[in-house]
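Colleague: Sharing data_14.txt here; it has compact mmCIF, C-alpha atoms and all ligand atoms.
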```
# COMPACT_ATOMS: atom_id res chain seq x y z
CA MET F 1 115.83 78.73 78.41
CA ARG F 2 112.50 80.30 77.98
CA ILE F 3 109.55 80.11 80.22
CA ILE F 4 106.26 81.53 79.13
CA LEU F 5 103.57 81.66 81.65
CA GLY F 6 99.94 81.82 80.72
CA PHE F 7 97.17 83.27 82.71
CA VAL F 8 94.45 80.72 83.22
CA TRP F 9 92.11 82.28 85.61
CA LEU F 10 91.99 84.29 88.71
CA LEU F 11 90.26 82.90 91.72
CA VAL F 12 88.06 85.68 92.88
CA VAL F 13 86.34 85.16 96.17
CA LEU F 14 83.58 87.64 96.61
CA VAL F 15 82.86 88.85 100.08
CA PHE F 16 79.84 90.74 98.92
CA SER F 17 78.08 90.81 95.63
CA TYR F 18 78.53 94.10 93.87
CA ALA F 19 76.20 93.18 91.07
CA CYS F 20 74.22 96.18 92.17
CA GLN F 21 76.75 98.97 92.11
CA VAL F 22 76.36 101.60 94.77
CA GLN F 23 75.31 104.81 93.11
CA GLU F 24 75.27 108.33 94.37
CA LEU F 25 71.82 109.72 94.75
CA PRO F 26 71.03 113.14 93.35
CA LEU F 27 71.27 115.78 96.04
CA PRO F 28 67.85 115.95 97.66
CA THR F 29 66.50 118.84 99.63
CA SER F 30 67.70 118.94 103.23
CA ALA F 31 64.27 117.99 104.51
CA ASP F 32 64.17 114.92 102.29
CA ASN F 33 67.69 113.90 103.13
CA ALA F 34 67.23 113.82 106.90
CA ALA F 35 64.75 111.03 106.31
CA ALA F 36 67.15 109.35 103.89
CA VAL F 37 70.03 109.51 106.36
CA ARG F 38 67.82 108.09 109.13
CA ALA F 39 66.68 105.33 106.79
CA TYR F 40 70.31 104.61 105.95
CA LEU F 41 71.15 104.29 109.65
CA ASN F 42 68.13 102.03 110.13
CA LYS F 43 69.40 99.90 107.28
CA LEU F 44 72.78 99.60 108.96
CA GLY F 45 71.10 98.20 112.06
CA TYR F 46 70.39 101.24 114.19
CA ALA F 47 66.83 101.29 115.43
CA ASP F 48 65.35 104.75 115.90
CA SER F 49 65.91 104.35 119.65
CA LEU F 50 69.69 104.23 119.03
CA ILE F 51 69.75 107.35 116.85
CA VAL F 52 70.11 110.68 118.63
CA ASP F 53 68.66 113.60 116.70
CA ALA F 54 71.03 116.51 117.36
CA GLY F 55 69.53 119.14 115.08
CA GLU F 56 71.61 119.28 111.90
CA TYR F 57 72.89 115.73 112.32
CA PHE F 58 72.24 112.34 113.87
CA VAL F 59 74.61 110.72 116.39
CA VAL F 60 75.02 106.97 116.89
CA GLU F 61 77.26 105.03 119.28
CA GLY F 62 78.04 108.13 121.29
CA ASP F 63 80.49 109.77 118.91
CA MET F 64 79.69 108.95 115.30
CA ARG F 65 77.92 111.81 113.61
CA PHE F 66 75.86 111.77 110.41
CA PRO F 67 74.95 115.19 108.98
CA LYS F 68 71.42 115.30 107.66
CA ASP F 69 72.49 117.03 104.45
CA ARG F 70 74.88 114.35 103.28
CA LYS F 71 74.37 111.99 100.41
CA VAL F 72 73.89 108.35 101.35
CA PRO F 73 74.38 105.20 99.28
CA ASN F 74 71.48 103.67 97.43
CA LEU F 75 69.63 101.68 100.05
CA THR F 76 68.04 99.30 97.61
CA GLY F 77 71.30 97.90 96.27
CA ALA F 78 74.49 96.40 97.56
CA LEU F 79 74.23 97.54 101.14
CA GLU F 80 71.74 94.84 102.06
CA GLU F 81 73.11 93.20 105.21
CA GLN F 82 76.54 94.74 104.80
CA ALA F 83 78.58 95.87 107.77
CA TRP F 84 80.27 99.16 108.35
CA GLU F 85 83.66 97.80 107.56
CA ASP F 86 82.70 97.16 104.00
CA ARG F 87 84.29 98.69 100.98
CA ASP F 88 82.07 101.73 100.99
CA ALA F 89 83.20 102.51 104.52
CA LEU F 90 86.86 102.69 103.54
CA ILE F 91 88.76 105.23 101.46
CA GLU F 92 89.73 103.86 98.06
CA ARG F 93 91.47 106.44 95.84
CA TYR F 94 95.25 106.37 96.15
CA ASN F 95 95.67 110.12 95.91
CA ARG F 96 93.22 110.51 98.80
CA ILE F 97 94.56 107.71 101.02
CA ARG F 98 97.99 109.30 100.65
CA ASN F 99 96.76 112.86 101.11
CA ILE F 100 93.79 113.20 103.49
CA ARG F 101 93.47 116.97 103.83
CA VAL F 102 92.48 118.15 107.30
CA TRP F 103 91.21 121.67 107.94
CA ALA F 104 90.76 122.86 111.54
CA GLN F 105 88.68 125.85 112.56
CA PRO F 106 90.59 128.59 114.40
CA GLU F 107 88.82 127.61 117.65
CA ILE F 108 90.86 124.37 117.61
CA ALA F 109 94.12 126.33 118.10
CA PRO F 110 94.49 125.50 121.85
CA ILE F 111 94.81 121.79 120.99
CA ALA F 112 96.26 122.10 117.47
CA GLY F 113 99.55 120.53 118.54
CA HIS F 114 97.71 117.47 119.80
CA VAL F 115 95.70 117.26 116.59
CA MET F 116 98.99 117.14 114.69
CA GLN F 117 100.32 114.43 117.00
CA ALA F 118 97.15 112.41 116.44
CA MET F 119 97.57 112.67 112.66
CA GLN F 120 101.22 111.60 112.97
CA MET F 121 100.19 108.54 114.99
CA TRP F 122 98.28 107.20 112.01
CA ASN F 123 100.84 108.44 109.47
CA ASN F 124 103.63 106.54 111.25
CA ALA F 125 101.77 103.25 111.65
CA GLY F 126 103.29 101.69 108.52
CA SER F 127 100.15 101.78 106.36
CA SER F 128 99.50 103.92 103.28
CA ILE F 129 97.34 106.39 105.26
CA ARG F 130 98.62 109.98 105.34
CA PHE F 131 96.79 112.86 107.04
CA VAL F 132 98.05 116.30 106.01
CA ASN F 133 97.08 119.88 106.81
CA ALA F 134 94.75 121.18 104.10
CA PRO F 135 96.41 123.88 101.97
CA ASN F 136 93.31 126.07 102.31
CA ARG F 137 89.73 125.81 103.49
CA PHE F 138 88.44 124.99 100.02
CA ASP F 139 90.60 121.92 99.39
CA ARG F 140 89.80 119.80 102.40
CA ASP F 141 88.49 116.31 103.09
CA ILE F 142 87.98 116.54 106.85
CA THR F 143 86.93 119.61 108.82
CA ILE F 144 87.56 119.82 112.56
CA TYR F 145 85.03 121.96 114.41
CA ASN F 146 84.87 123.03 118.02
CA GLY F 147 81.57 122.07 119.61
CA THR F 148 79.91 121.22 122.89
CA ILE F 149 79.56 117.46 123.31
CA ASP F 150 77.03 116.32 125.88
CA GLY F 151 77.85 113.54 128.33
CA PRO F 152 80.57 113.19 130.97
CA ASP F 153 82.91 111.01 128.90
CA ALA F 154 82.24 112.13 125.35
CA VAL F 155 84.63 114.74 123.99
CA GLY F 156 84.37 114.26 120.23
CA GLU F 157 82.28 113.05 117.34
CA SER F 158 83.17 112.06 113.80
CA ASN F 159 81.99 110.29 110.63
CA LEU F 160 82.92 107.02 108.97
CA PRO F 161 83.90 107.10 105.28
CA LEU F 162 81.09 107.04 102.77
CA LEU F 163 81.26 106.25 99.06
CA GLY F 164 85.03 105.77 99.21
CA LYS F 165 85.72 109.17 100.79
CA PRO F 166 87.03 109.94 104.27
CA GLY F 167 84.59 110.77 107.05
CA ARG F 168 83.82 114.43 106.57
CA ASP F 169 83.62 115.99 110.02
CA ILE F 170 85.31 115.79 113.40
CA VAL F 171 83.82 117.76 116.28
CA LEU F 172 86.03 118.23 119.33
CA ASP F 173 84.95 119.76 122.63
CA VAL F 174 88.01 121.96 123.11
CA ALA F 175 86.97 123.13 126.58
CA LYS F 176 86.82 119.54 127.83
CA ILE F 177 89.88 118.26 125.99
CA ARG F 178 92.30 121.05 126.92
CA VAL F 179 92.18 120.18 130.64
CA MET F 180 92.93 116.48 130.05
CA PRO F 181 96.40 114.90 130.40
CA ASP F 182 98.47 115.38 127.23
CA ASN F 183 98.64 111.69 126.35
CA ILE F 184 94.86 111.30 126.64
CA LYS F 185 94.26 114.42 124.52
CA LYS F 186 96.15 113.02 121.58
CA VAL F 187 94.78 109.47 121.74
CA LEU F 188 91.18 110.71 121.99
CA ILE F 189 91.72 112.93 118.95
CA ALA F 190 93.41 110.02 117.15
CA HIS F 191 90.36 107.89 118.00
CA GLU F 192 88.15 110.31 116.06
CA PHE F 193 90.58 110.25 113.12
CA GLY F 194 90.32 106.45 113.25
CA HIS F 195 86.59 106.64 112.55
CA THR F 196 87.20 108.88 109.52
CA ILE F 197 89.24 106.11 107.85
CA GLY F 198 86.75 103.34 108.65
CA PHE F 199 87.47 102.01 112.12
CA ARG F 200 84.58 100.95 114.30
CA HIS F 201 85.05 100.37 118.03
CA THR F 202 87.41 97.50 118.93
CA ASP F 203 85.16 96.55 121.86
CA TRP F 204 81.93 96.81 119.89
CA ARG F 205 80.61 93.53 121.28
CA ARG F 206 80.69 94.84 124.82
CA PHE F 207 78.10 97.44 123.91
CA GLY F 208 76.21 95.44 121.32
CA GLU F 209 77.02 97.91 118.54
CA PRO F 210 75.40 96.57 115.38
CA ASN F 211 76.98 95.38 112.15
CA SER F 212 80.63 95.68 113.14
CA VAL F 213 83.00 93.19 111.56
CA ASP F 214 86.24 92.05 113.17
CA ILE F 215 89.41 92.63 111.18
CA PRO F 216 90.78 89.09 110.76
CA ALA F 217 94.43 90.18 110.90
CA VAL F 218 94.07 91.11 114.58
CA PRO F 219 91.95 88.56 116.44
CA GLY F 220 91.09 88.83 120.11
CA ALA F 221 90.47 91.60 122.60
CA ASP F 222 92.86 94.54 122.87
CA ALA F 223 92.61 96.61 126.03
CA ALA F 224 95.29 98.98 124.68
CA SER F 225 93.44 99.84 121.48
CA ILE F 226 92.72 103.54 121.07
CA MET F 227 89.65 102.48 119.10
CA ASN F 228 87.93 101.06 122.15
CA ALA F 229 84.91 103.09 123.26
CA VAL F 230 85.90 106.62 124.21
CA TYR F 231 85.31 106.28 127.93
CA ILE F 232 87.53 103.16 128.00
CA VAL F 233 90.27 105.10 126.22
CA SER F 234 89.99 108.15 128.48
CA SER F 235 90.16 105.99 131.62
CA ASN F 236 93.40 104.28 130.53
CA SER F 237 96.13 106.65 131.67
CA ASN F 238 98.86 104.44 130.20
CA LEU F 239 97.88 105.02 126.59
CA THR F 240 100.30 107.06 124.50
CA GLY F 241 99.49 105.98 120.95
CA LEU F 242 98.20 103.23 118.70
CA SER F 243 98.47 99.74 120.13
CA ALA F 244 100.43 97.08 118.28
CA LYS F 245 97.13 95.63 117.05
CA ASP F 246 95.84 99.05 116.00
CA LYS F 247 98.91 99.30 113.75
CA LEU F 248 98.42 95.80 112.37
CA ALA F 249 94.78 96.61 111.68
CA VAL F 250 95.43 99.81 109.72
CA LYS F 251 98.19 98.06 107.77
CA ALA F 252 95.72 95.30 106.90
CA LEU F 253 93.05 97.74 105.71
CA TYR F 254 95.46 100.05 103.87
CA PRO F 255 98.76 98.22 103.21
CA SER F 256 101.51 100.31 101.64
CA ALA F 257 102.15 97.48 99.14
CA PRO F 258 101.05 93.86 98.64
CA TYR F 259 102.72 91.59 101.18
CA SER F 260 103.11 87.97 102.27
CA LEU F 261 103.59 86.74 98.70
CA TYR F 262 103.57 82.99 98.83
CA PHE F 263 103.90 80.25 96.24
CA ASP F 264 102.04 77.14 97.20
CA PRO F 265 104.80 74.50 96.72
CA THR F 266 102.34 71.67 96.31
CA SER F 267 100.14 73.18 93.64
CA ILE F 268 100.21 72.36 89.96
CA PRO F 269 99.79 74.68 88.16
CA VAL F 270 101.66 77.32 90.15
CA ILE F 271 99.49 79.34 92.51
CA LEU F 272 100.60 82.67 93.94
CA ARG F 273 98.88 84.07 97.01
CA TRP F 274 99.31 87.44 98.66
CA LYS F 275 97.69 89.96 100.97
CA GLY F 276 96.33 93.29 99.81
CA PRO F 277 93.92 96.07 100.79
CA TYR F 278 90.41 95.55 102.12
CA HIS F 279 89.05 98.53 100.22
CA ARG F 280 87.84 98.43 96.63
CA ILE F 281 90.68 98.51 94.07
CA ALA F 282 90.98 98.32 90.29
CA GLY F 283 93.26 95.28 90.39
CA PHE F 284 96.90 94.31 90.64
CA GLN F 285 99.89 94.52 88.39
CA ILE F 286 102.27 91.59 88.26
CA VAL F 287 105.73 91.32 86.78
CA HIS F 288 107.87 88.22 86.65
CA SER F 289 111.47 87.77 85.66
CA THR F 290 113.14 84.70 84.25
CA ILE F 291 116.74 83.67 83.66
CA GLN F 292 117.45 83.56 79.93
CA ARG F 293 120.97 82.50 78.89
CA GLY F 294 122.16 83.35 82.36
CA ILE F 295 120.66 86.86 82.34
CA GLU F 296 117.67 87.88 84.43
CA VAL F 297 115.01 89.37 82.16
CA ASP F 298 111.88 91.22 83.28
CA ASN F 299 108.81 90.20 81.35
CA PRO F 300 106.13 92.79 80.60
CA VAL F 301 103.95 93.97 83.44
CA PHE F 302 100.44 92.67 83.14
CA THR F 303 97.33 93.80 84.94
CA ILE F 304 94.66 91.74 86.62
CA GLN F 305 91.32 93.50 86.52
CA THR F 306 89.99 92.39 89.84
CA SER F 307 89.12 93.99 93.07
CA ASP F 308 87.66 91.55 95.51
CA GLY F 309 89.44 89.27 97.92
CA ARG F 310 88.23 87.71 101.12
CA ALA F 311 89.61 89.83 103.97
CA GLY F 312 92.37 91.19 101.73
CA SER F 313 93.63 87.77 100.54
CA TYR F 314 94.18 87.28 96.82
CA THR F 315 95.07 84.32 94.64
CA PHE F 316 96.48 84.07 91.12
CA ARG F 317 96.97 80.89 89.14
CA TYR F 318 99.64 80.41 86.48
CA ARG F 319 100.20 77.59 84.07
CA ARG F 320 103.20 76.74 81.92
CA CYS F 321 102.45 76.64 78.23
CA ALA F 322 103.61 73.89 75.88
CA CYS F 323 106.59 75.91 74.64
CA THR F 324 108.38 75.73 77.98
CA THR F 325 111.62 73.91 77.32
CA GLY F 326 113.12 73.65 80.75
CA GLY F 327 112.96 74.60 84.38
CA GLY F 328 114.08 77.83 85.97
CA LEU F 329 113.68 80.23 88.80
CA LEU F 330 110.59 82.40 88.61
CA ASN F 331 110.75 85.73 90.44
CA VAL F 332 107.47 87.59 90.89
CA LYS F 333 106.39 90.87 92.44
CA VAL F 334 103.00 92.53 92.66
CA ARG F 335 101.67 96.06 93.14
CA ILE F 336 98.22 97.50 93.81
CA LEU F 337 96.31 99.28 91.05
CA TYR F 338 93.91 101.72 92.70
CA THR F 339 90.57 102.90 91.34
CA ASP F 340 92.09 106.27 90.42
CA ASN F 341 94.90 104.48 88.51
CA GLY F 342 97.42 105.16 91.26
CA VAL F 343 99.87 102.34 91.89
CA SER F 344 101.55 101.25 95.09
CA PRO F 345 105.24 100.42 95.36
CA TRP F 346 106.13 96.88 94.32
CA SER F 347 105.92 94.12 96.89
CA ALA F 348 108.96 92.20 97.98
CA MET F 349 110.04 89.56 95.46
CA ALA F 350 108.81 86.00 95.77
CA SER F 351 110.53 83.13 93.98
CA VAL F 352 109.61 79.62 92.95
CA ARG F 353 111.60 77.02 91.02
CA ILE F 354 109.78 75.71 87.97
CA GLN F 355 110.74 72.09 87.34
ZN ZN F 401 84.34 106.27 118.75
```
Is it possible to give me this structure as structure tokens?
Ligand SMILES: [Zn+2]
Modeller:
Amino acid sequence: MRIILGFVWLLVVLVFSYACQVQELPLPTSADNAAAVRAYLNKLGYADSLIVDAGEYFVVEGDMRFPKDRKVPNLTGALEEQAWEDRDALIERYNRIRNIRVWAQPEIAPIAGHVMQAMQMWNNAGSSIRFVNAPNRFDRDITIYNGTIDGPDAVGESNLPLLGKPGRDIVLDVAKIRVMPDNIKKVLIAHEFGHTIGFRHTDWRRFGEPNSVDIPAVPGADAASIMNAVYIVSSNSNLTGLSAKDKLAVKALYPSAPYSLYFDPTSIPVILRWKGPYHRIAGFQIVHSTIQRGIEVDNPVFTIQTSDGRAGSYTFRYRRCACTTGGGLLNVKVRILYTDNGVSPWSAMASVRIQ
């Protein structure tokens, strides 16, 4: 029995048009770039009245910091009307998602143990995210500085990812944090790490924070989220780590492998659906096995060159070609092909009986 499956077409649902690719701007002078960073923040929905000028950087929403010397995406292209949780505000390379190198200044030493616990919170959430200690100060993605943070409730500031890279800086007010209860120390630090991988505030509507997008996998309010506004987190003495929805959310953004493979039993031709990352990817690889003379045979892996799915949902359509001579059980599994050619583990197997 031989079943040959042909690839007809892939249903690609675009969330945003990337016809205009985001391009890195040449490094401008620092004076020029402060204006560019402010313009970028304006473009994202922050009026000048919401942007705090703190010398070498701007601060928005109380704890998100934008250094004036950083490159910003091309404002004339794809960012028109996009939200923060778009694909430029998530990490995309597999060898970075799996190895986010964190370097802490020596002044962080009094709370270094809590920094490590905060990293472990995210590492143990079941997603592909892994924070690690940087091997040296030259090979680092995130730098943690000690700094004085103004305001009675604010104890830290950090960046969102830009251009597929983790947020670059975390500033922690060590003097304020070290006198807090241990559980609050680690969740507040974990909150800042959450921004560096693309999380906005869970309760953004309460404060009218612009251009946030809900993560569809986790609808509804979540009082236990460590990504609520900082003063909400610090006033909740029961918090000890990520909430159940925080974990679901990071697994939706950065799943360790494709999941929820599903054959639509009513569709002809066969349609396979699954869930995958929200960030930009190179595509997926698919392998299917068939039973030939009673022996299960893996067919060659083939690659779909696609990257966009609505809220991480993807669809692939098969058809049987004319040479199919009989029915059989089709077993399929899928893995993620990242933009740096990294591949995820295979998904669980899904099966469908071809009549
Ligand atoms: Zn925050």
Colleague: When the cut-off is 8 Å and you count all atoms listed in the file, which residues lie near ligand ZN 401 (chain F), shown as JSON, numbers by chain?
Modeller: {"F": [61, 62, 63, 64, 157, 158, 191, 192, 195, 200, 201, 227, 228, 229, 230]}
Colleague: Counting all atoms listed in the file, which residues come within 12 Å of (94.6, 91.9, 123.6), with the point read in the file's coordinates, and could you list them as a list in words?
Modeller: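 Within the cut-off we find Thr202, Asp203, Val218, Pro219, Gly220, Ala221, Asp222, Ala223, Ala224, Ser225, Asn228, Ser243, Ala244, Lys245 and Asp246 of chain F.
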Colleague: Tell me, in Å to one decimal, how far atom CA of F:Phe138 is from atom CA of F:Asp86.
Modeller: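 Distance between the two atoms: 28.7 Å.
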Colleague: Set the distance at 10 Å and use only C-alpha atoms: which residues neighbour stretch 147-151 of chain F once local chain neighbours fewer than 2 positions away are removed? I'd like the list as a PyMOL selection string.
Modeller: chain F and resi 62-63+107-108+144-145+153-157+170-176
Colleague: Using atom CA of F:Leu272 and atom CA of F:Tyr94 as the two end points, give the distance in Å to one decimal.
Modeller: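 It comes out at 24.4 Å.
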Colleague: Within 9 Å of (74.6, 103.4, 123.9), in the coordinates the file gives, what residues turn up when you count all atoms listed in the file, written out as number ranges by chain?
Modeller: F: 50, 60-62, 207-209
Colleague: With C-alpha atoms retained, write the just-selected residues as a compact mmCIF listing (two decimals), in the coordinates of the input.
Modeller:
```txt
# COMPACT_ATOMS: atom_id res chain seq x y z
CA LEU F 50 69.69 104.23 119.03
CA VAL F 60 75.02 106.97 116.89
CA GLU F 61 77.26 105.03 119.28
CA GLY F 62 78.04 108.13 121.29
CA PHE F 207 78.10 97.44 123.91
CA GLY F 208 76.21 95.44 121.32
CA GLU F 209 77.02 97.91 118.54
```
Colleague: Could you tell me which of F:Trp204, F:Tyr262, F:Tyr314, F:Trp122 comes closest to F:Gly241 if we count all atoms listed in the file?
Modeller: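 Among F:Trp204, F:Tyr262, F:Tyr314, F:Trp122, it is F:Trp122 that comes nearest to F:Gly241.
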Colleague: By how many Å are atom CA of F:Gly198 and atom CA of F:Glu92 apart?
Modeller: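 Atom-to-atom, atom CA of F:Gly198 and atom CA of F:Glu92 are spaced 11.0 Å apart.
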Colleague: Rank nothing, just name the residue among F:Tyr278, F:Phe263, F:Tyr40, F:Tyr231 nearest to F:Ala217, using all atoms listed in the file.
Modeller: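 Once distances to F:Ala217 are computed over all atoms listed in the file, the minimum belongs to F:Tyr278.
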Colleague: Restrict the calculation to only C-alpha atoms, then for each residue of stretch 153-259 of chain F with any atom at most 10 Å from an atom of stretch 340-344 of chain F give the closest atom pair and their distance in Å to one decimal, rows by chain and rising residue number, as a Markdown table.
Modeller:
```
| residue | atom | partner | partner_atom | distance |
| --- | --- | --- | --- | --- |
| F:Pro255 | CA | F:Ser344 | CA | 9.1 |
| F:Ser256 | CA | F:Ser344 | CA | 6.6 |
| F:Ala257 | CA | F:Ser344 | CA | 5.6 |
| F:Pro258 | CA | F:Ser344 | CA | 8.2 |
```
Colleague: In terms of the shortest atom-to-atom distance over all atoms listed in the file, which of F:Leu242, F:Val179, F:Ile295, F:Leu162 is closest to F:Asp88?
Modeller: F:Leu162
Colleague: I'd like the contact shell of F:Ile142 - 7 Å cut-off, only C-alpha atoms, skipping same-chain residues fewer than 2 positions apart - returned as a VMD selection string.
Modeller: chain F and resid 101 to 103 140 144 167 to 169
Colleague: Nearest to F:Phe66: which of F:Asn331, F:Gln305, F:Ser267, F:Asn159 is it, counting only C-alpha atoms?
Modeller: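 For F:Phe66, the nearest of the given residues is F:Asn159.
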Colleague: In terms of the shortest atom-to-atom distance over only C-alpha atoms, which of F:Val301, F:Val332, F:Ile100, F:Val250 is closest to F:Arg273?
Modeller: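 For F:Arg273, the nearest of the given residues is F:Val332.
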